[in-house]
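Working notes for the structure below.
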Amino acid sequence: MTEVNPNQKKKRRKNRRWPLVLVFLLGLAILSYPLISRWYYEIDATSAIRDFDAGRSQLDSAEVEERLNLARAYNEAIITTSLDDPYAEEHAAGLAEYARMLEIHEKMGYVQIPKINVEIPMYAGTSEVVLQKGVGHLEGTSLPVGGNSTHSVLTAHRGLPNARLFSELDQLEVGDKFYIHNLAGTMAYQVDQVKVIEPSDFSDLLVVPGHDYVTLLTCTPYMINSHRLLVRGHQVDYVAEVEEAFIAENEAAYFYKYAFFATLGVLLFVLFVLFVGWIKKRRASKKAKQAMVKQEAASQETKVDSIEPEKGVKED
């Protein structure tokens, strides 16, 4: 029987490992894709936000006020739509300029939710193109400039593999805050209602006389999308020093939370690698012992074979 060269054995073992290595790398790439794509989206979104802030800083107060007046005219038209002709002359300018008066480089501003650590660019309309890259303003609801008897509805996707957007919106509770940044500055809203509705139920999205509301809307349950999740907030005073400290505190809490899970994941991975190494070492040790036993047995057989002929010679 032909003996197999030890080098050939090693080569065959390596060849058998390649499919496993390829499967592992493929699995790693699939698992890494959402993380890498979301990281890329965060960079892109941050760039869009900085672009908006840069454009806002170049506007003078007169232009800002003019744009806000157009937005308020639009919002007044929305209120009177169910009571009077929406195309009344005093509202025509606002309706004709839907959202354009708030746009800077095609962006209306951005939404900031410290509890889930997201800052998302805000765009006009709810087309799929818009919802793939940020928050969309639901046309027919108040523009997000605040004011008495206004109700702005802002919507975004959940569950996109390449962006978090409103994926964690269900974590918000009554009392939490979120912020709307537009060309005039920053507005703070405090959550006062979290509700799940049927897709055809618009009653909770209507203007409530005397109130200033913003509702964040997304699909629910996660990845099923049979209903709509509404997180409504009413405007509260924005005091920069207080709110910035609050935002920093929430962002730190979010960072430490995920840093803990990331560290735990790394530790589990290291333990897994060590465990696999220990198993391999144990198997190698076991094989070495078996080889030694076989070698000793073969040595004993060789000794016995050499002794038997000697006995035969003596007997002769």
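Letters A, B, ... mark the chains of the structure tokens in the order given; residue numbers begin at 1 per chain; ligand numbers begin at 1, in order shown.
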
Write out as number ranges by chain the set of residues from range 33-205 of chain A that DSSP, computed on the backbone, places in helix (DSSP H, G or I). A: 33-57, 61-80, 89-96, 100-102, 114-116, 128-131, 169-171, 203-205

As a count of residues only, please: the residues near Arg72 in chain A (cut-off 8 Å, only C-alpha atoms, same-chain neighbours under 3 positions excluded). 7

Shell around Val231 in chain A at 9 Å using only C-alpha atoms, local window under 5 positions removed, as a PDB file with C-alpha atoms, in the first residue's frame:
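Result file selection.pdb:
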```
ATOM      1  CA  LEU A 169     -38.675  55.665  17.240  1.00  0.00           C
ATOM      2  CA  ASP A 170     -40.675  53.228  19.385  1.00  0.00           C
ATOM      3  CA  LEU A 172     -39.535  57.374  22.740  1.00  0.00           C
ATOM      4  CA  GLU A 173     -41.841  57.867  25.719  1.00  0.00           C
ATOM      5  CA  VAL A 174     -44.045  60.629  27.025  1.00  0.00           C
ATOM      6  CA  VAL A 191     -43.614  64.059  23.608  1.00  0.00           C
ATOM      7  CA  ASP A 192     -47.160  64.000  25.007  1.00  0.00           C
ATOM      8  CA  GLN A 193     -48.640  61.080  23.055  1.00  0.00           C
ATOM      9  CA  VAL A 194     -47.420  57.784  21.608  1.00  0.00           C
ATOM     10  CA  LYS A 195     -50.059  55.975  19.594  1.00  0.00           C
ATOM     11  CA  VAL A 196     -50.520  53.187  17.024  1.00  0.00           C
ATOM     12  CA  VAL A 214     -45.327  68.029  15.538  1.00  0.00           C
ATOM     13  CA  THR A 215     -45.950  64.314  14.976  1.00  0.00           C
ATOM     14  CA  LEU A 216     -43.223  61.874  13.984  1.00  0.00           C
ATOM     15  CA  LEU A 217     -44.744  59.060  11.920  1.00  0.00           C
ATOM     16  CA  THR A 218     -43.381  55.681  10.850  1.00  0.00           C
TER      17      THR A 218
END
```

Which polymer residues have any atom within 9 Å of an atom of range 52-62 of chain A, counting only C-alpha atoms, with same-chain residues fewer than 2 positions away left out, as an MDAnalysis selection string? chainID A and resid 47:50 64:67 103:110 121 182:185

CA of Ala99 in chain A and CA of Tyr74 in chain A, how far apart in Å? 8.8 Å

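Each of A:Ile113, A:Ala298, A:Ala291, A:Ala124 was compared to Gly233 in chain A using only C-alpha atoms, and A:Ile113 turns out to be the nearest.
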
Length of the CA of His211 in chain A to CA of Gln235 in chain A vector [Å]: 8.6 Å

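For the choices A:Glu139, A:Glu249, A:Glu42, A:Asp201, the atom-to-atom distance to His227 in chain A is smallest for A:Asp201 when using only C-alpha atoms.
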